[in-house]
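Peer 1: I'm passing along work_4.cif; it holds mmCIF, C-alpha atoms.
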```cif
data_data
#
loop_
_atom_site.group_PDB
_atom_site.id
_atom_site.type_symbol
_atom_site.label_atom_id
_atom_site.label_comp_id
_atom_site.auth_asym_id
_atom_site.auth_seq_id
_atom_site.Cartn_x
_atom_site.Cartn_y
_atom_site.Cartn_z
ATOM 1 C CA MET R 12 4.153 -17.702 -10.730
ATOM 2 C CA PRO R 13 2.511 -18.618 -14.064
ATOM 3 C CA GLY R 14 5.128 -18.962 -16.794
ATOM 4 C CA GLY R 15 8.006 -18.838 -14.287
ATOM 5 C CA PHE R 16 11.138 -20.881 -14.779
ATOM 6 C CA ILE R 17 10.733 -22.844 -11.523
ATOM 7 C CA PRO R 18 7.965 -25.397 -12.204
ATOM 8 C CA PRO R 19 5.601 -26.816 -9.583
ATOM 9 C CA HIS R 20 7.421 -29.377 -7.463
ATOM 10 C CA GLY R 21 6.951 -31.559 -4.399
ATOM 11 C CA GLY R 22 3.601 -33.303 -4.189
ATOM 12 C CA TYR R 23 5.341 -36.639 -3.683
ATOM 13 C CA GLU R 24 2.425 -38.024 -1.674
ATOM 14 C CA LYS R 25 0.419 -38.166 -4.906
ATOM 15 C CA LEU R 26 3.050 -40.359 -6.575
ATOM 16 C CA LEU R 27 1.981 -43.989 -6.737
ATOM 17 C CA SER R 28 5.637 -44.988 -6.405
ATOM 18 C CA PHE R 29 5.841 -43.152 -3.072
ATOM 19 C CA GLN R 30 2.588 -44.651 -1.807
ATOM 20 C CA LYS R 31 3.850 -48.159 -2.561
ATOM 21 C CA SER R 32 7.312 -47.437 -1.150
ATOM 22 C CA ARG R 33 5.741 -46.368 2.133
ATOM 23 C CA ILE R 34 3.917 -49.718 2.312
ATOM 24 C CA VAL R 35 7.227 -51.464 1.561
ATOM 25 C CA TYR R 36 8.952 -49.565 4.366
ATOM 26 C CA ASP R 37 6.234 -50.215 6.938
ATOM 27 C CA GLY R 38 6.061 -53.869 5.915
ATOM 28 C CA THR R 39 9.822 -54.278 6.124
ATOM 29 C CA VAL R 40 9.901 -52.831 9.647
ATOM 30 C CA TRP R 41 7.252 -55.368 10.689
ATOM 31 C CA PHE R 42 8.986 -58.239 8.894
ATOM 32 C CA CYS R 43 12.382 -57.569 10.455
ATOM 33 C CA LYS R 44 10.945 -57.258 13.959
ATOM 34 C CA GLN R 45 9.024 -60.482 13.488
ATOM 35 C CA PHE R 46 11.493 -62.759 11.720
ATOM 36 C CA LEU R 47 15.009 -61.374 12.255
ATOM 37 C CA SER R 48 17.195 -60.817 15.276
ATOM 38 C CA LYS R 49 18.457 -57.298 15.920
ATOM 39 C CA ARG R 50 21.930 -58.827 16.198
ATOM 40 C CA ASP R 51 21.629 -59.905 12.572
ATOM 41 C CA GLY R 52 23.303 -57.289 10.363
ATOM 42 C CA THR R 53 20.553 -57.809 7.813
ATOM 43 C CA TYR R 54 18.003 -56.375 10.269
ATOM 44 C CA ASP R 55 19.251 -52.783 10.041
ATOM 45 C CA GLN R 56 20.363 -53.197 6.440
ATOM 46 C CA MET R 57 16.879 -54.103 5.218
ATOM 47 C CA ILE R 58 15.165 -51.310 7.147
ATOM 48 C CA GLN R 59 17.694 -48.764 5.884
ATOM 49 C CA ALA R 60 17.287 -49.951 2.284
ATOM 50 C CA ALA R 61 13.492 -49.665 2.585
ATOM 51 C CA ARG R 62 13.822 -46.200 4.123
ATOM 52 C CA SER R 63 16.237 -45.104 1.395
ATOM 53 C CA GLY R 64 13.775 -46.238 -1.262
ATOM 54 C CA LYS R 65 11.044 -44.107 0.272
ATOM 55 C CA GLN R 66 13.038 -41.050 1.308
ATOM 56 C CA ASN R 67 14.870 -40.623 -1.990
ATOM 57 C CA ILE R 68 11.532 -40.393 -3.783
ATOM 58 C CA VAL R 69 10.600 -37.598 -1.355
ATOM 59 C CA GLU R 70 13.906 -35.762 -1.792
ATOM 60 C CA GLY R 71 13.848 -36.145 -5.561
ATOM 61 C CA SER R 72 10.349 -34.736 -5.794
ATOM 62 C CA CYS R 73 11.236 -31.757 -3.602
ATOM 63 C CA ALA R 74 14.416 -31.072 -5.611
ATOM 64 C CA SER R 75 12.622 -31.213 -8.961
ATOM 65 C CA GLY R 76 11.808 -27.497 -9.043
ATOM 66 C CA THR R 77 15.429 -26.441 -9.278
ATOM 67 C CA SER R 78 17.223 -29.557 -10.515
ATOM 68 C CA LYS R 79 15.728 -32.183 -12.798
ATOM 69 C CA GLU R 80 19.152 -33.820 -12.833
ATOM 70 C CA MET R 81 19.014 -34.244 -9.059
ATOM 71 C CA GLU R 82 15.451 -35.587 -9.252
ATOM 72 C CA ILE R 83 16.538 -38.227 -11.762
ATOM 73 C CA LYS R 84 19.608 -39.106 -9.674
ATOM 74 C CA LEU R 85 17.657 -39.487 -6.415
ATOM 75 C CA THR R 86 14.899 -41.490 -8.085
ATOM 76 C CA ASN R 87 17.580 -43.835 -9.417
ATOM 77 C CA VAL R 88 18.992 -44.139 -5.884
ATOM 78 C CA ALA R 89 15.512 -45.084 -4.653
ATOM 79 C CA ARG R 90 15.294 -47.720 -7.371
ATOM 80 C CA ALA R 91 18.713 -49.142 -6.494
ATOM 81 C CA SER R 92 17.835 -49.285 -2.780
ATOM 82 C CA LEU R 93 14.726 -51.319 -3.527
ATOM 83 C CA GLU R 94 16.732 -53.696 -5.708
ATOM 84 C CA GLU R 95 19.056 -54.265 -2.748
ATOM 85 C CA LEU R 96 16.057 -54.870 -0.497
ATOM 86 C CA LEU R 97 14.559 -57.304 -3.000
ATOM 87 C CA GLU R 98 17.758 -59.363 -2.931
ATOM 88 C CA ASP R 99 17.671 -59.434 0.883
ATOM 89 C CA TYR R 100 14.172 -60.927 0.843
ATOM 90 C CA ARG R 101 15.252 -63.471 -1.763
ATOM 91 C CA ASP R 102 18.252 -64.374 0.390
ATOM 92 C CA PHE R 103 15.915 -64.859 3.348
ATOM 93 C CA LEU R 104 13.874 -67.382 1.376
ATOM 94 C CA ARG R 105 16.823 -69.150 -0.230
ATOM 95 C CA VAL R 106 18.888 -69.821 2.890
ATOM 96 C CA ARG R 107 15.789 -71.233 4.590
ATOM 97 C CA ARG R 108 14.904 -73.327 1.527
ATOM 98 C CA LEU R 109 11.608 -71.522 1.089
ATOM 99 C CA GLU R 110 10.029 -71.002 -2.318
ATOM 100 C CA GLU R 111 9.764 -67.663 -4.106
ATOM 101 C CA TRP R 112 6.327 -67.643 -5.704
ATOM 102 C CA PRO R 113 6.346 -67.930 -9.503
ATOM 103 C CA LYS R 114 4.098 -65.707 -11.604
ATOM 104 C CA GLU R 115 1.465 -68.400 -11.925
ATOM 105 C CA HIS R 116 1.189 -69.016 -8.173
ATOM 106 C CA ARG R 117 -2.378 -68.463 -6.955
ATOM 107 C CA PHE R 118 -1.198 -66.081 -4.207
ATOM 108 C CA THR R 119 0.742 -64.055 -6.786
ATOM 109 C CA ALA R 120 -2.450 -63.656 -8.795
ATOM 110 C CA ARG R 121 -4.260 -62.509 -5.656
ATOM 111 C CA LEU R 122 -1.523 -59.989 -4.928
ATOM 112 C CA ARG R 123 -1.875 -58.580 -8.436
ATOM 113 C CA GLN R 124 -5.607 -58.133 -7.840
ATOM 114 C CA LEU R 125 -4.952 -56.213 -4.628
ATOM 115 C CA ASN R 126 -2.372 -54.027 -6.364
ATOM 116 C CA ARG R 127 -4.967 -52.978 -8.931
ATOM 117 C CA GLN R 128 -7.145 -51.453 -6.228
ATOM 118 C CA SER R 129 -7.112 -47.666 -6.251
ATOM 119 C CA ASN R 130 -5.963 -45.981 -3.045
ATOM 120 C CA ALA R 131 -4.516 -49.239 -1.698
ATOM 121 C CA THR R 132 -2.887 -48.810 1.722
ATOM 122 C CA TYR R 133 -0.910 -50.944 4.139
ATOM 123 C CA ASP R 134 -4.177 -52.338 5.447
ATOM 124 C CA THR R 135 -4.968 -53.642 1.944
ATOM 125 C CA PHE R 136 -1.980 -56.001 2.192
ATOM 126 C CA LYS R 137 -1.809 -56.383 5.978
ATOM 127 C CA LYS R 138 -3.109 -59.963 6.040
ATOM 128 C CA GLY R 139 -0.306 -61.052 3.733
ATOM 129 C CA ILE R 140 2.474 -58.862 5.133
ATOM 130 C CA GLU R 141 1.761 -59.737 8.769
ATOM 131 C CA ASN R 142 1.214 -63.418 8.074
ATOM 132 C CA PRO R 143 2.788 -65.705 10.703
ATOM 133 C CA ASP R 144 4.217 -67.826 7.884
ATOM 134 C CA PRO R 145 7.522 -66.123 6.921
ATOM 135 C CA ALA R 146 7.346 -67.551 3.392
ATOM 136 C CA ILE R 147 4.026 -65.803 2.754
ATOM 137 C CA SER R 148 5.154 -62.547 4.354
ATOM 138 C CA ALA R 149 8.430 -62.462 2.403
ATOM 139 C CA ASN R 150 6.722 -63.261 -0.906
ATOM 140 C CA VAL R 151 4.118 -60.543 -0.413
ATOM 141 C CA MET R 152 6.929 -58.065 0.263
ATOM 142 C CA ILE R 153 8.775 -59.257 -2.839
ATOM 143 C CA GLY R 154 5.646 -58.648 -4.920
ATOM 144 C CA LEU R 155 5.243 -55.138 -3.491
ATOM 145 C CA ILE R 156 8.892 -54.293 -4.107
ATOM 146 C CA LYS R 157 8.674 -55.512 -7.708
ATOM 147 C CA LEU R 158 5.649 -53.303 -8.326
ATOM 148 C CA THR R 159 7.291 -50.276 -6.710
ATOM 149 C CA SER R 160 10.428 -50.846 -8.792
ATOM 150 C CA TYR R 161 8.332 -51.054 -11.968
ATOM 151 C CA LEU R 162 6.661 -47.749 -11.076
ATOM 152 C CA LEU R 163 10.052 -46.141 -10.446
ATOM 153 C CA ASP R 164 11.413 -47.432 -13.771
ATOM 154 C CA ARG R 165 8.465 -45.824 -15.536
ATOM 155 C CA GLN R 166 8.894 -42.628 -13.518
ATOM 156 C CA ILE R 167 12.596 -42.427 -14.417
ATOM 157 C CA ARG R 168 11.817 -42.807 -18.138
ATOM 158 C CA GLN R 169 9.256 -40.009 -17.894
ATOM 159 C CA LEU R 170 11.738 -37.760 -16.084
ATOM 160 C CA GLU R 171 14.405 -38.427 -18.710
ATOM 161 C CA ASP R 172 11.962 -37.631 -21.524
ATOM 162 C CA ALA R 173 10.892 -34.406 -19.789
ATOM 163 C CA PHE R 174 14.523 -33.395 -19.317
ATOM 164 C CA LEU R 175 15.271 -33.938 -23.011
ATOM 165 C CA ARG R 176 12.231 -31.861 -24.007
ATOM 166 C CA GLU R 177 12.489 -29.047 -21.473
ATOM 167 C CA GLY R 178 16.065 -29.080 -20.216
ATOM 168 C CA GLY R 179 17.113 -28.168 -16.693
ATOM 169 C CA LEU R 180 16.869 -25.002 -14.650
ATOM 170 C CA ARG R 181 19.563 -23.199 -16.638
ATOM 171 C CA GLU R 182 17.725 -23.729 -19.905
ATOM 172 C CA ARG R 183 14.418 -22.636 -18.360
ATOM 173 C CA MET R 184 16.055 -19.498 -16.953
ATOM 174 C CA THR R 185 17.506 -18.703 -20.372
ATOM 175 C CA ARG R 186 14.110 -19.161 -22.038
ATOM 176 C CA ALA R 187 12.456 -17.003 -19.385
ATOM 177 C CA ARG R 188 15.012 -14.201 -19.934
ATOM 178 C CA LEU R 189 14.639 -14.364 -23.708
ATOM 179 C CA ASN R 190 10.843 -14.300 -23.445
ATOM 180 C CA GLU R 191 10.995 -11.310 -21.105
ATOM 181 C CA ARG R 192 13.347 -9.446 -23.443
ATOM 182 C CA ALA R 193 11.087 -10.207 -26.388
ATOM 183 C CA LYS R 194 8.088 -8.822 -24.486
ATOM 184 C CA GLN R 195 10.042 -5.699 -23.538
ATOM 185 C CA THR R 196 11.198 -5.205 -27.135
ATOM 186 C CA CYS R 197 7.609 -5.486 -28.395
ATOM 187 C CA ALA R 198 6.420 -3.032 -25.768
ATOM 188 C CA ASN R 199 9.160 -0.541 -26.716
ATOM 189 C CA GLU R 200 8.341 -0.864 -30.405
ATOM 190 C CA ARG R 201 4.652 -0.226 -29.731
ATOM 191 C CA GLN R 202 5.517 2.824 -27.662
ATOM 192 C CA LYS R 203 7.776 4.177 -30.431
ATOM 193 C CA GLY R 204 5.003 3.591 -32.926
ATOM 194 C CA ARG R 205 2.519 5.560 -30.841
ATOM 195 C CA LYS R 206 4.980 8.460 -30.436
ATOM 196 C CA GLY R 207 5.674 8.533 -34.180
ATOM 197 C CA LEU R 208 1.946 8.593 -34.920
ATOM 198 C CA LYS R 209 1.452 11.532 -32.559
ATOM 199 C CA ARG R 210 4.245 13.519 -34.265
ATOM 200 C CA VAL R 211 2.668 12.950 -37.692
ATOM 201 C CA GLN R 212 -0.719 14.034 -36.431
ATOM 202 C CA THR R 213 0.768 17.170 -34.823
ATOM 203 C CA ARG R 214 2.405 18.225 -38.099
ATOM 204 C CA LYS R 215 -0.915 17.967 -39.887
#
```
Using the file provided, produce a representation of the structure as structure tokens.
Peer 2:
Amino acid sequence: MPGGFIPPHGGYEKLLSFQKSRIVYDGTVWFCKQFLSKRDGTYDQMIQAARSGKQNIVEGSCASGTSKEMEIKLTNVARASLEELLEDYRDFLRVRRLEEWPKEHRFTARLRQLNRQSNATYDTFKKGIENPDPAISANVMIGLIKLTSYLLDRQIRQLEDAFLREGGLRERMTRARLNERAKQTCANERQKGRKGLKRVQTRK
């Protein structure tokens, strides 16, 4: 309801961080199936970390209406999960003596160009993610995770700023009650004023 103390919430599919995290999850599922054995403990670990990154964005967004604190906490969990996943991809490259692309690498520049495209989907990055060369696939995933983590860092800062300005549910409930009381007081005063005016007019 307009002016209510529970703000609009959900709508996670519109968040760029969620859109990128979904690409990271789908890409990680493909990567693990392609380059890791299911007997390798890292297989499930990487998929679970990717899923946690995505799902905690969803849960945080849905919880935002009643708990900004919970939204911030879950968004931080998503960020931490992606950091864990990033390290797994780096481990994959390191133990196989494969290079992690530096910023100036020509493929890194190409990945940045793709990331600037509006409404980018899995298909936008599919050629790189599903590349038969594991070094290319892993580096593309690393680039996508870094971008998603950057978006989450920015999102967390915005959530913290909003919390400092607006407070949580308790503060919004208190403001809503005070506003309602103020409206009721004004209405009562106007009604008293009208009654007093009628009495004066009757005496005349």
Peer 1: Take atom CA of Arg127 of chain R and atom CA of Arg105 of chain R and report the distance between them in Å, one decimal.
Peer 2: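 Rounded to one decimal, the two atoms are 28.5 Å apart.
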Peer 1: When the PyMOL selection byres ((chain R and resi 145-159) around 10) is applied to the structure above, which residues does it catch, written out as a PDB file with C-alpha atoms, in the coordinates of the input?
Peer 2:
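File written: result-v1.pdb
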```pdb
ATOM      1  CA  LEU R  27       1.981 -43.989  -6.737  1.00  0.00           C
ATOM      2  CA  SER R  28       5.637 -44.988  -6.405  1.00  0.00           C
ATOM      3  CA  PHE R  29       5.841 -43.152  -3.072  1.00  0.00           C
ATOM      4  CA  GLN R  30       2.588 -44.651  -1.807  1.00  0.00           C
ATOM      5  CA  LYS R  31       3.850 -48.159  -2.561  1.00  0.00           C
ATOM      6  CA  SER R  32       7.312 -47.437  -1.150  1.00  0.00           C
ATOM      7  CA  ARG R  33       5.741 -46.368   2.133  1.00  0.00           C
ATOM      8  CA  ILE R  34       3.917 -49.718   2.312  1.00  0.00           C
ATOM      9  CA  VAL R  35       7.227 -51.464   1.561  1.00  0.00           C
ATOM     10  CA  TYR R  36       8.952 -49.565   4.366  1.00  0.00           C
ATOM     11  CA  GLY R  38       6.061 -53.869   5.915  1.00  0.00           C
ATOM     12  CA  THR R  39       9.822 -54.278   6.124  1.00  0.00           C
ATOM     13  CA  TRP R  41       7.252 -55.368  10.689  1.00  0.00           C
ATOM     14  CA  PHE R  42       8.986 -58.239   8.894  1.00  0.00           C
ATOM     15  CA  GLN R  45       9.024 -60.482  13.488  1.00  0.00           C
ATOM     16  CA  PHE R  46      11.493 -62.759  11.720  1.00  0.00           C
ATOM     17  CA  ALA R  61      13.492 -49.665   2.585  1.00  0.00           C
ATOM     18  CA  GLY R  64      13.775 -46.238  -1.262  1.00  0.00           C
ATOM     19  CA  ALA R  89      15.512 -45.084  -4.653  1.00  0.00           C
ATOM     20  CA  ARG R  90      15.294 -47.720  -7.371  1.00  0.00           C
ATOM     21  CA  LEU R  93      14.726 -51.319  -3.527  1.00  0.00           C
ATOM     22  CA  GLU R  94      16.732 -53.696  -5.708  1.00  0.00           C
ATOM     23  CA  LEU R  96      16.057 -54.870  -0.497  1.00  0.00           C
ATOM     24  CA  LEU R  97      14.559 -57.304  -3.000  1.00  0.00           C
ATOM     25  CA  GLU R  98      17.758 -59.363  -2.931  1.00  0.00           C
ATOM     26  CA  ASP R  99      17.671 -59.434   0.883  1.00  0.00           C
ATOM     27  CA  TYR R 100      14.172 -60.927   0.843  1.00  0.00           C
ATOM     28  CA  ARG R 101      15.252 -63.471  -1.763  1.00  0.00           C
ATOM     29  CA  PHE R 103      15.915 -64.859   3.348  1.00  0.00           C
ATOM     30  CA  LEU R 104      13.874 -67.382   1.376  1.00  0.00           C
ATOM     31  CA  ARG R 107      15.789 -71.233   4.590  1.00  0.00           C
ATOM     32  CA  ARG R 108      14.904 -73.327   1.527  1.00  0.00           C
ATOM     33  CA  LEU R 109      11.608 -71.522   1.089  1.00  0.00           C
ATOM     34  CA  GLU R 110      10.029 -71.002  -2.318  1.00  0.00           C
ATOM     35  CA  GLU R 111       9.764 -67.663  -4.106  1.00  0.00           C
ATOM     36  CA  TRP R 112       6.327 -67.643  -5.704  1.00  0.00           C
ATOM     37  CA  PRO R 113       6.346 -67.930  -9.503  1.00  0.00           C
ATOM     38  CA  LYS R 114       4.098 -65.707 -11.604  1.00  0.00           C
ATOM     39  CA  PHE R 118      -1.198 -66.081  -4.207  1.00  0.00           C
ATOM     40  CA  THR R 119       0.742 -64.055  -6.786  1.00  0.00           C
ATOM     41  CA  LEU R 122      -1.523 -59.989  -4.928  1.00  0.00           C
ATOM     42  CA  ARG R 123      -1.875 -58.580  -8.436  1.00  0.00           C
ATOM     43  CA  ASN R 126      -2.372 -54.027  -6.364  1.00  0.00           C
ATOM     44  CA  PHE R 136      -1.980 -56.001   2.192  1.00  0.00           C
ATOM     45  CA  LYS R 137      -1.809 -56.383   5.978  1.00  0.00           C
ATOM     46  CA  LYS R 138      -3.109 -59.963   6.040  1.00  0.00           C
ATOM     47  CA  GLY R 139      -0.306 -61.052   3.733  1.00  0.00           C
ATOM     48  CA  ILE R 140       2.474 -58.862   5.133  1.00  0.00           C
ATOM     49  CA  GLU R 141       1.761 -59.737   8.769  1.00  0.00           C
ATOM     50  CA  ASN R 142       1.214 -63.418   8.074  1.00  0.00           C
ATOM     51  CA  PRO R 143       2.788 -65.705  10.703  1.00  0.00           C
ATOM     52  CA  ASP R 144       4.217 -67.826   7.884  1.00  0.00           C
ATOM     53  CA  SER R 160      10.428 -50.846  -8.792  1.00  0.00           C
ATOM     54  CA  TYR R 161       8.332 -51.054 -11.968  1.00  0.00           C
ATOM     55  CA  LEU R 162       6.661 -47.749 -11.076  1.00  0.00           C
ATOM     56  CA  LEU R 163      10.052 -46.141 -10.446  1.00  0.00           C
ATOM     57  CA  ASP R 164      11.413 -47.432 -13.771  1.00  0.00           C
ATOM     58  CA  ARG R 165       8.465 -45.824 -15.536  1.00  0.00           C
TER      59      ARG R 165
END
```
Peer 1: Can you work out the spacing between atom CA of Ala60 of chain R and atom CA of Leu125 of chain R in Å, to one decimal?
Peer 2: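 Between these atoms lies a distance of 24.1 Å.
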Peer 1: Build an axis-aligned box that encloses every atom of segment 121-140 of chain R listed in the file, pad it by 6 Å on each side, and report its centre and edge lengths in Å to one decimal, as JSON.
Peer 2:
```
{"center_x": -2.3, "center_y": -54.2, "center_z": -1.4, "size_x": 21.6, "size_y": 28.5, "size_z": 27.0}
```
Peer 1: Please determine, counting only C-alpha atoms, which residue among R:Ser92, R:Gln66, R:Asn87, R:Asn130 has the shortest atom-to-atom distance to Lys25 of chain R.
Peer 2: R:Asn130
Peer 1: Enter the distance from atom CA of Phe174 of chain R to atom CA of Gly71 of chain R, in Å, rounded to one decimal.
Peer 2: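 Result for atom CA of Phe174 of chain R versus atom CA of Gly71 of chain R: 14.0 Å, one decimal.
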Peer 1: Looking at R:Val88, R:Ala131, R:Ile58, R:Val106, which one is nearest to Ile167 of chain R, with distances taken over all atoms listed in the file?
Peer 2: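 With all atoms listed in the file as the atom set, the closest residue is R:Val88.
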Peer 1: Can you work out which one of R:Lys49, R:Thr135, R:Ser72, R:Asp172 has the shortest atom-to-atom distance to Arg121 of chain R, counting all atoms listed in the file?
Peer 2: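 For Arg121 of chain R, the nearest of the given residues is R:Thr135.
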